[in-house]
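Colleague: I am sharing input26.txt, which consists of compact mmCIF, C-alpha atoms:
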```
# COMPACT_ATOMS: atom_id res chain seq x y z
CA MET G 1 110.06 111.76 86.53
CA ASP G 2 109.82 114.23 83.64
CA LEU G 3 113.39 115.50 83.88
CA LEU G 4 114.66 111.93 83.53
CA LYS G 5 112.50 111.29 80.46
CA ALA G 6 113.76 114.52 78.91
CA LYS G 7 117.35 113.48 79.56
CA ILE G 8 116.75 110.02 78.07
CA ARG G 9 115.18 111.63 74.98
CA ALA G 10 118.02 114.14 74.63
CA GLU G 11 121.03 111.99 75.51
CA GLY G 12 119.99 108.33 75.28
CA ILE G 13 121.21 106.28 72.34
CA VAL G 14 119.09 103.36 71.14
CA ILE G 15 121.08 100.53 69.61
CA ASP G 16 119.46 97.90 67.38
CA ASN G 17 116.01 98.84 68.77
CA SER G 18 116.81 96.85 71.93
CA LEU G 19 119.61 98.46 73.95
CA LEU G 20 119.47 101.94 75.51
CA LYS G 21 122.78 103.61 76.31
CA VAL G 22 122.62 106.43 78.84
CA ASP G 23 126.36 106.67 79.31
CA SER G 24 126.33 110.47 79.42
CA PHE G 25 124.63 110.77 82.82
CA LEU G 26 124.14 107.34 84.43
CA ASN G 27 126.31 104.44 83.28
CA HIS G 28 129.72 105.84 82.49
CA GLN G 29 129.70 109.59 82.95
CA ILE G 30 127.54 110.65 85.89
CA ASP G 31 125.73 113.95 86.26
CA PRO G 32 125.99 114.45 90.04
CA GLN G 33 123.39 117.23 90.34
CA PHE G 34 120.92 115.13 88.39
CA MET G 35 121.75 112.03 90.46
CA ARG G 36 120.96 114.05 93.57
CA LEU G 37 117.49 114.78 92.19
CA VAL G 38 117.04 111.08 91.39
CA GLY G 39 117.98 110.23 94.99
CA GLU G 40 115.51 112.78 96.33
CA GLU G 41 112.77 111.35 94.11
CA PHE G 42 113.31 107.86 95.55
CA ALA G 43 113.38 109.34 99.06
CA ASN G 44 110.00 110.97 98.39
CA ARG G 45 108.45 107.84 96.94
CA PHE G 46 109.58 105.62 99.83
CA GLN G 47 108.99 108.21 102.55
CA GLY G 48 107.18 106.68 105.51
CA GLU G 49 108.67 103.23 104.87
CA ALA G 50 111.22 103.70 107.68
CA VAL G 51 114.03 102.60 105.37
CA THR G 52 117.24 101.81 107.28
CA LYS G 53 119.51 100.78 104.40
CA ILE G 54 119.93 101.12 100.64
CA LEU G 55 121.18 98.05 98.75
CA THR G 56 122.48 98.05 95.18
CA ILE G 57 125.01 96.23 92.96
CA GLU G 58 128.28 97.61 91.68
CA ALA G 59 128.99 99.55 89.55
CA SER G 60 126.26 101.62 87.89
CA GLY G 61 123.92 101.40 90.87
CA ILE G 62 126.38 103.02 93.27
CA ALA G 63 125.86 106.69 92.37
CA VAL G 64 122.07 106.35 92.54
CA ALA G 65 122.19 104.39 95.79
CA VAL G 66 124.54 106.84 97.49
CA MET G 67 122.39 109.82 96.50
CA THR G 68 119.29 108.00 97.75
CA GLY G 69 121.09 107.23 100.99
CA LEU G 70 122.08 110.88 101.27
CA ALA G 71 118.48 112.00 100.83
CA MET G 72 117.14 109.40 103.30
CA ASN G 73 120.07 109.72 105.72
CA VAL G 74 120.84 105.99 105.76
CA PRO G 75 123.88 103.96 104.65
CA ALA G 76 124.13 102.53 101.15
CA VAL G 77 125.61 99.04 100.64
CA PHE G 78 126.80 97.92 97.25
CA ALA G 79 126.86 94.20 96.63
CA ARG G 80 129.97 92.96 94.92
CA LYS G 81 129.89 90.88 91.79
CA LYS G 82 132.52 88.40 92.81
CA LYS G 83 134.46 87.42 95.85
CA SER G 84 137.39 89.77 96.32
CA MET G 85 140.44 89.27 98.52
CA ALA G 86 139.32 92.08 100.80
CA THR G 87 135.96 90.48 101.61
CA GLY G 88 135.86 87.85 104.33
CA ASP G 89 134.05 84.53 104.21
CA GLU G 90 131.15 85.80 106.25
CA VAL G 91 128.94 86.76 103.35
CA TYR G 92 125.43 86.39 101.97
CA SER G 93 125.39 85.53 98.29
CA ALA G 94 123.11 84.88 95.33
CA LYS G 95 123.67 83.84 91.74
CA VAL G 96 122.57 86.34 89.09
CA TYR G 97 122.35 85.72 85.35
CA SER G 98 123.12 88.72 83.17
CA PHE G 99 121.27 88.60 79.84
CA THR G 100 123.42 91.50 78.57
CA LYS G 101 126.71 89.77 79.31
CA LYS G 102 125.35 86.22 78.95
CA GLU G 103 127.05 85.03 82.12
CA THR G 104 126.22 84.11 85.70
CA TYR G 105 127.98 85.91 88.52
CA ASP G 106 127.87 85.80 92.31
CA VAL G 107 126.44 88.77 94.16
CA ILE G 108 127.93 89.10 97.61
CA VAL G 109 127.21 91.18 100.73
CA ALA G 110 129.16 90.90 103.98
CA LYS G 111 126.88 89.66 106.75
CA GLN G 112 127.78 92.49 109.10
CA PHE G 113 126.04 95.05 106.84
CA LEU G 114 122.55 93.52 106.94
CA SER G 115 120.68 92.61 110.11
CA PRO G 116 117.18 91.25 110.76
CA ASP G 117 116.05 94.73 111.88
CA ASP G 118 116.94 96.29 108.52
CA ARG G 119 114.24 97.69 106.25
CA VAL G 120 116.00 97.65 102.90
CA LEU G 121 115.31 99.70 99.79
CA ILE G 122 116.85 97.98 96.74
CA ILE G 123 118.04 100.45 94.11
CA ASP G 124 119.27 99.79 90.57
CA ASP G 125 119.88 101.76 87.40
CA PHE G 126 118.03 99.45 84.97
CA LEU G 127 115.31 96.85 85.26
CA ALA G 128 114.99 94.42 82.35
CA ASN G 129 114.70 90.77 83.36
CA GLY G 130 114.80 91.44 87.09
CA GLU G 131 117.62 88.99 87.83
CA ALA G 132 119.78 91.48 89.72
CA ALA G 133 116.92 92.77 91.88
CA LEU G 134 115.80 89.22 92.68
CA GLY G 135 119.37 88.34 93.67
CA LEU G 136 119.53 91.33 96.00
CA ALA G 137 116.13 90.46 97.46
CA ALA G 138 117.35 86.90 98.10
CA ILE G 139 120.30 88.33 100.02
CA VAL G 140 118.01 90.52 102.12
CA ARG G 141 115.91 87.44 102.93
CA GLN G 142 119.02 85.47 103.92
CA ALA G 143 119.74 88.22 106.45
CA GLY G 144 116.20 87.96 107.82
CA ALA G 145 115.69 91.62 106.88
CA SER G 146 112.73 93.16 105.00
CA VAL G 147 112.60 94.50 101.45
CA VAL G 148 110.41 97.62 101.60
CA GLY G 149 110.62 98.18 97.87
CA ILE G 150 112.67 98.32 94.71
CA GLY G 151 113.57 101.66 93.15
CA ILE G 152 114.59 101.60 89.48
CA VAL G 153 115.84 104.51 87.39
CA ILE G 154 114.90 103.08 83.97
CA GLU G 155 112.46 100.20 83.54
CA LYS G 156 112.24 98.40 80.21
CA SER G 157 108.59 97.56 80.67
CA PHE G 158 108.51 95.33 77.58
CA GLN G 159 110.85 92.90 79.35
CA PRO G 160 109.54 90.64 82.14
CA GLY G 161 111.44 92.04 85.17
CA ALA G 162 108.86 94.46 86.56
CA GLU G 163 106.05 91.90 86.34
CA LYS G 164 108.25 89.22 87.93
CA LEU G 165 109.09 91.47 90.87
CA LYS G 166 105.49 92.56 91.39
CA ARG G 167 104.28 88.95 91.24
CA ALA G 168 106.86 88.15 93.93
CA GLY G 169 105.14 90.76 96.10
CA TYR G 170 107.61 93.64 95.86
CA ARG G 171 106.67 97.29 95.45
CA VAL G 172 108.50 98.57 92.36
CA GLU G 173 108.95 102.29 91.71
CA SER G 174 110.51 103.08 88.33
CA LEU G 175 111.28 106.70 87.47
CA ALA G 176 111.00 106.12 83.71
CA ARG G 177 109.13 103.23 82.08
CA ILE G 178 109.94 102.39 78.50
CA ALA G 179 107.15 100.77 76.48
CA SER G 180 109.19 100.22 73.34
CA PHE G 181 111.92 101.42 71.03
CA SER G 182 111.04 102.33 67.45
CA ARG G 183 113.28 103.70 64.74
CA GLY G 184 115.91 104.70 67.31
CA GLN G 185 113.36 106.54 69.47
CA VAL G 186 112.24 105.78 73.02
CA ASN G 187 108.49 105.43 73.67
CA PHE G 188 107.54 105.79 77.32
CA LEU G 189 104.54 104.09 78.95
CA MET H 1 141.14 115.25 107.35
CA ASP H 2 140.64 114.54 111.04
CA LEU H 3 137.15 113.07 110.72
CA LEU H 4 138.49 110.52 108.22
CA LYS H 5 141.35 109.53 110.51
CA ALA H 6 138.89 109.12 113.38
CA LYS H 7 136.68 106.91 111.22
CA ILE H 8 139.65 104.80 110.12
CA ARG H 9 140.71 104.40 113.77
CA ALA H 10 137.18 103.51 114.89
CA GLU H 11 136.02 101.33 111.99
CA GLY H 12 139.07 100.24 110.01
CA ILE H 13 140.25 96.66 110.31
CA VAL H 14 143.94 95.89 109.79
CA ILE H 15 144.62 92.43 108.39
CA ASP H 16 148.07 90.81 108.63
CA ASN H 17 149.63 94.23 109.27
CA SER H 18 149.35 95.02 105.55
CA LEU H 19 145.75 95.35 104.42
CA LEU H 20 143.28 97.96 105.71
CA LYS H 21 139.57 97.20 105.35
CA VAL H 22 137.26 100.20 105.55
CA ASP H 23 134.21 98.35 104.31
CA SER H 24 131.88 100.09 106.78
CA PHE H 25 132.00 103.51 105.14
CA LEU H 26 133.99 103.40 101.88
CA ASN H 27 134.47 100.07 100.12
CA HIS H 28 131.31 98.07 100.63
CA GLN H 29 128.92 100.01 102.82
CA ILE H 30 129.05 103.74 102.10
CA ASP H 31 128.26 106.51 104.56
CA PRO H 32 126.69 109.08 102.21
CA GLN H 33 126.85 112.07 104.59
CA PHE H 34 130.51 111.37 105.24
CA MET H 35 131.20 110.89 101.51
CA ARG H 36 129.67 114.32 100.94
CA LEU H 37 132.19 115.82 103.36
CA VAL H 38 135.01 113.97 101.56
CA GLY H 39 133.80 115.42 98.25
CA GLU H 40 133.70 118.91 99.73
CA GLU H 41 137.23 118.50 101.09
CA PHE H 42 138.55 117.62 97.61
CA ALA H 43 136.60 120.55 96.15
CA ASN H 44 138.31 122.87 98.65
CA ARG H 45 141.78 121.50 98.00
CA PHE H 46 141.47 121.78 94.22
CA GLN H 47 139.57 125.07 94.25
CA GLY H 48 140.99 127.49 91.70
CA GLU H 49 142.16 124.66 89.42
CA ALA H 50 139.19 125.19 87.06
CA VAL H 51 138.43 121.44 87.11
CA THR H 52 135.99 120.43 84.37
CA LYS H 53 135.74 116.71 85.03
CA ILE H 54 136.30 114.08 87.72
CA LEU H 55 137.76 110.72 86.64
CA THR H 56 137.82 107.56 88.73
CA ILE H 57 137.69 103.75 88.34
CA GLU H 58 134.78 101.51 89.20
CA ALA H 59 133.67 100.50 91.77
CA SER H 60 134.92 101.94 95.07
CA GLY H 61 135.94 105.25 93.50
CA ILE H 62 132.45 106.06 92.26
CA ALA H 63 130.85 107.36 95.46
CA VAL H 64 133.82 109.63 96.20
CA ALA H 65 134.01 110.88 92.61
CA VAL H 66 130.29 111.64 92.40
CA MET H 67 130.35 113.57 95.69
CA THR H 68 133.40 115.51 94.49
CA GLY H 69 131.62 116.25 91.22
CA LEU H 70 128.58 117.40 93.20
CA ALA H 71 130.70 119.79 95.27
CA MET H 72 132.57 121.11 92.22
CA ASN H 73 129.52 121.10 89.93
CA VAL H 74 131.21 119.04 87.19
CA PRO H 75 130.49 115.57 85.74
CA ALA H 76 132.19 112.47 87.13
CA VAL H 77 133.35 109.74 84.75
CA PHE H 78 134.12 106.26 85.99
CA ALA H 79 136.51 104.20 83.92
CA ARG H 80 135.45 100.63 83.39
CA LYS H 81 137.67 97.72 84.22
CA LYS H 82 136.97 95.71 81.10
CA LYS H 83 135.25 96.16 77.82
CA SER H 84 131.51 95.70 78.21
CA MET H 85 128.93 95.11 75.51
CA ALA H 86 127.37 98.50 76.13
CA THR H 87 130.63 100.40 75.44
CA GLY H 88 131.52 101.15 71.83
CA ASP H 89 134.91 100.73 70.23
CA GLU H 90 135.72 104.41 70.49
CA VAL H 91 137.59 104.22 73.76
CA TYR H 92 140.80 105.27 75.45
CA SER H 93 142.40 102.47 77.43
CA ALA H 94 145.33 101.63 79.67
CA LYS H 95 146.57 98.45 81.31
CA VAL H 96 146.62 98.42 85.10
CA TYR H 97 148.23 95.80 87.32
CA SER H 98 146.45 95.17 90.62
CA PHE H 99 148.84 94.04 93.36
CA THR H 100 145.83 93.14 95.54
CA LYS H 101 144.27 90.87 92.96
CA LYS H 102 147.53 89.94 91.23
CA GLU H 103 146.11 90.48 87.76
CA THR H 104 146.24 92.99 84.92
CA TYR H 105 143.05 94.56 83.68
CA ASP H 106 142.11 97.10 81.02
CA VAL H 107 140.83 100.48 82.14
CA ILE H 108 138.54 102.02 79.55
CA VAL H 109 136.93 105.43 78.99
CA ALA H 110 134.73 106.28 76.00
CA LYS H 111 136.40 108.98 73.92
CA GLN H 112 133.34 111.23 73.95
CA PHE H 113 133.71 111.88 77.69
CA LEU H 114 137.19 113.40 77.58
CA SER H 115 138.24 116.26 75.33
CA PRO H 116 141.49 118.25 74.96
CA ASP H 117 139.86 121.16 76.84
CA ASP H 118 139.22 119.07 79.93
CA ARG H 119 141.01 119.79 83.19
CA VAL H 120 140.69 116.48 84.98
CA LEU H 121 140.82 115.70 88.68
CA ILE H 122 141.59 112.00 89.20
CA ILE H 123 139.95 110.57 92.32
CA ASP H 124 140.45 107.20 93.97
CA ASP H 125 139.71 105.57 97.29
CA PHE H 126 143.15 104.07 97.95
CA LEU H 127 146.69 104.80 96.79
CA ALA H 128 149.23 102.01 97.28
CA ASN H 129 151.39 101.29 94.23
CA GLY H 130 149.85 104.00 92.07
CA GLU H 131 149.05 101.73 89.14
CA ALA H 132 145.37 102.73 88.88
CA ALA H 133 146.08 106.47 89.07
CA LEU H 134 148.85 106.16 86.46
CA GLY H 135 146.47 104.27 84.19
CA LEU H 136 143.87 107.01 84.53
CA ALA H 137 146.51 109.69 83.90
CA ALA H 138 147.58 107.84 80.73
CA ILE H 139 143.98 107.92 79.53
CA VAL H 140 143.75 111.67 80.19
CA ARG H 141 146.96 112.15 78.18
CA GLN H 142 145.57 110.07 75.30
CA ALA H 143 142.64 112.51 75.19
CA GLY H 144 145.03 115.46 75.06
CA ALA H 145 143.46 116.71 78.30
CA SER H 146 145.25 117.92 81.46
CA VAL H 147 145.53 116.22 84.84
CA VAL H 148 145.21 118.99 87.44
CA GLY H 149 145.77 116.61 90.32
CA ILE H 150 145.07 113.33 92.01
CA GLY H 151 142.80 113.16 95.05
CA ILE H 152 143.12 110.09 97.26
CA VAL H 153 141.03 109.19 100.27
CA ILE H 154 143.56 106.88 101.95
CA GLU H 155 147.25 106.82 101.01
CA LYS H 156 149.45 103.97 102.18
CA SER H 157 152.55 106.12 102.33
CA PHE H 158 154.83 103.16 103.00
CA GLN H 159 154.08 101.89 99.50
CA PRO H 160 155.62 103.56 96.43
CA GLY H 161 152.51 105.02 94.75
CA ALA H 162 152.55 108.58 96.13
CA GLU H 163 156.27 109.02 95.37
CA LYS H 164 155.82 107.59 91.88
CA LEU H 165 152.97 110.00 91.09
CA LYS H 166 154.83 113.02 92.48
CA ARG H 167 157.98 112.11 90.53
CA ALA H 168 155.78 111.97 87.41
CA GLY H 169 154.85 115.58 88.14
CA TYR H 170 151.35 115.17 89.54
CA ARG H 171 149.94 117.03 92.51
CA VAL H 172 148.68 114.42 94.97
CA GLU H 173 146.26 115.30 97.78
CA SER H 174 145.59 112.44 100.19
CA LEU H 175 143.05 112.95 102.97
CA ALA H 176 144.68 110.37 105.25
CA ARG H 177 148.28 109.18 104.99
CA ILE H 178 149.22 105.93 106.66
CA ALA H 179 152.85 105.58 107.76
CA SER H 180 152.58 102.01 108.97
CA PHE H 181 150.48 99.36 110.61
CA SER H 182 151.60 97.89 113.92
CA ARG H 183 149.85 95.30 116.06
CA GLY H 184 146.57 95.84 114.21
CA GLN H 185 146.74 99.62 114.67
CA VAL H 186 147.03 102.35 112.05
CA ASN H 187 149.82 104.89 112.43
CA PHE H 188 149.27 108.08 110.44
CA LEU H 189 152.05 110.25 109.03
```
In structure tokens, how does this file's structure come out?
Modeller:
Amino acid sequence: MDLLKAKIRAEGIVIDNSLLKVDSFLNHQIDPQFMRLVGEEFANRFQGEAVTKILTIEASGIAVAVMTGLAMNVPAVFARKKKSMATGDEVYSAKVYSFTKKETYDVIVAKQFLSPDDRVLIIDDFLANGEAALGLAAIVRQAGASVVGIGIVIEKSFQPGAEKLKRAGYRVESLARIASFSRGQVNFL
Amino acid sequence: MDLLKAKIRAEGIVIDNSLLKVDSFLNHQIDPQFMRLVGEEFANRFQGEAVTKILTIEASGIAVAVMTGLAMNVPAVFARKKKSMATGDEVYSAKVYSFTKKETYDVIVAKQFLSPDDRVLIIDDFLANGEAALGLAAIVRQAGASVVGIGIVIEKSFQPGAEKLKRAGYRVESLARIASFSRGQVNFL
């Protein structure tokens, strides 16, 4: 998606040649018009897959997932990162390790929002080690539902996540694929 | 907003006559088409206020804020609930006490996303005790920016938040105002 690459080049900040901050339009401040285009791009790529539900993780995935749901006219569910008072005990859950935060957290979805008939499109903002997407896929499997694919805004292709997900049999569509960082610049695949 | 009240009546679950769960369209699963209407309703109510930015808190506020930003054609910023590795030290912050979770957390916004010129519309999903909205307003003040108003999806009018915010001089627009719960039912003002 050329517009996304242009935005990453113009607004992304590379830290220590390893971390990409895109806080100006995706992870902290959100550009709603741009997010709508991102949602429409995912809708185009997964057209014909009869998607019935979008699944993401709070918090940065929510804007992307909701715009994808808007474009595909299906609900978007965001998994929670820990058990909250307002969520009942009837949940699917998976453990996810965050390399960024160096901690393991529980990802939780209430059972009523996934059924065996669901054809689920998993959406996330970043793909690095693939832990979050694998956790969401595990939850979809627990529900007996199908994962039709995984839509990623920014893939760090030099980390193992994309390969891991493809080896597990999932279709991965990433709108921007980063080959490397060098001298504070982003090099796309 | 009649459609919202109808959805609360049809899908809301009242727990212990004190807690309202609207996980089917707002807090866990999101109905994107409906969220778009909610965003348009806030855009109508705050039309003429020359809003330059939407401010909310992760996670449940994000979908509403992004749809409001889409309707008003301005960016949406979501405050984070704790300091994350990917956020620099240049932040505004406020302490917020959550009555639901019985804990205090830091609300954080990177300084670059609020400037003294900004006219900020604060958006949140629920208003009960007003702590989150007051924390966001404190952050806007730290930036030297103006709060043009506070847009709330569901106000629990029997709790002190709305009064507190109005006494502090803020315009509060709530799309549904709950007077009480009785026998598992929601009574609107």
Colleague: To one decimal place in Å, what is the distance between atom CA of Gln142 of chain G and atom CA of Tyr170 of chain G?
Modeller: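 According to the coordinates, atom CA of Gln142 of chain G and atom CA of Tyr170 of chain G are separated by 16.2 Å.
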Colleague: Output as a compact mmCIF listing (two decimals) with C-alpha atoms, keeping the file's coordinate frame the set of chain G residues within 6 Å of chain H, with distances taken over all atoms listed in the file.
Modeller:
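Printed below is result08.txt as written:
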```txt
# COMPACT_ATOMS: atom_id res chain seq x y z
CA HIS G 28 129.72 105.84 82.49
CA GLN G 29 129.70 109.59 82.95
CA ILE G 30 127.54 110.65 85.89
CA ASP G 31 125.73 113.95 86.26
CA PRO G 32 125.99 114.45 90.04
CA GLN G 33 123.39 117.23 90.34
CA ALA G 59 128.99 99.55 89.55
CA ALA G 63 125.86 106.69 92.37
CA VAL G 66 124.54 106.84 97.49
CA LEU G 70 122.08 110.88 101.27
CA PRO G 75 123.88 103.96 104.65
CA ALA G 76 124.13 102.53 101.15
CA VAL G 77 125.61 99.04 100.64
CA PHE G 78 126.80 97.92 97.25
```
Colleague: Would you work out the distance separating atom CA of Val120 of chain H from atom CA of Gly39 of chain G, expressed in Å to one decimal?
Modeller: 25.6 Å
Colleague: So what do you get for atom CA of Arg171 of chain G versus atom CA of Asp117 of chain G, distance-wise?
Modeller: 19.1 Å
Colleague: Compile the contact shell of Gln159 of chain H as number ranges by chain: residues with an atom at most 10 Å away, counting all atoms listed in the file, same-chain residues fewer than 4 positions apart removed.
Modeller: H: 127-130, 155, 163-164, 178-180
Colleague: Restricting the calculation to all atoms listed in the file: of H:Asp125, H:Glu103, H:Asp16, H:Asp2, which residue gets closest to Phe181 of chain H?
Modeller: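 Ranked by minimum distance to Phe181 of chain H, first place goes to H:Asp16.
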Colleague: Would you mind telling me which residue in G:Ser98, G:Ser93, G:Thr104, G:Ser174 lies nearest to Ala138 of chain G when using only C-alpha atoms?
Modeller: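 Between G:Ser98, G:Ser93, G:Thr104, G:Ser174, the residue approaching Ala138 of chain G most closely is G:Ser93.
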Colleague: Excluding same-chain residues fewer than 4 positions from Gly149 of chain H, what lies within 9 Å of it counting only C-alpha atoms, as JSON, numbers by chain?
Modeller: {"H": [46, 49, 120, 121, 122, 123, 170, 171, 172, 173]}
Colleague: Quick one: everything within 9 Å of Lys111 of chain H, counting only C-alpha atoms, minus sequence neighbours fewer than 3 positions away in the same chain. Send it as an MDAnalysis selection string.
Modeller: chainID H and resid 90:92 114:115 143
Colleague: With distances taken over only C-alpha atoms, which residue among H:Gly151, H:Lys5, H:Val14, H:Arg119 lies nearest Ser182 of chain H?
Modeller: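 Of H:Gly151, H:Lys5, H:Val14, H:Arg119, the one nearest Ser182 of chain H, counting only C-alpha atoms, is H:Val14.
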Colleague: Take every atom of segment 48-64 of chain G listed in the file, fit an axis-aligned box around them, add 6 Å per side, and give the centre and edge lengths in Å to one decimal as JSON.
Modeller:
```
{"center_x": 118.1, "center_y": 101.5, "center_z": 97.8, "size_x": 33.8, "size_y": 22.5, "size_z": 31.8}
```
Colleague: Find the residues with any atom within 9 Å of (147.5, 98.9, 85.2); use only C-alpha atoms and the coordinates as given in the file, and write the answer as JSON, numbers by chain.
Modeller: {"H": [94, 95, 96, 97, 98, 103, 104, 105, 106, 107, 130, 131, 132, 133, 134, 135, 136]}
Colleague: When distances are computed from all atoms listed in the file, which of G:Ala6, G:Ile108, G:Ile152, G:Val51 shows the smallest separation from Leu175 of chain G?
Modeller: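 Checking each of G:Ala6, G:Ile108, G:Ile152, G:Val51 against Leu175 of chain G, counting all atoms listed in the file, the winner is G:Ile152.
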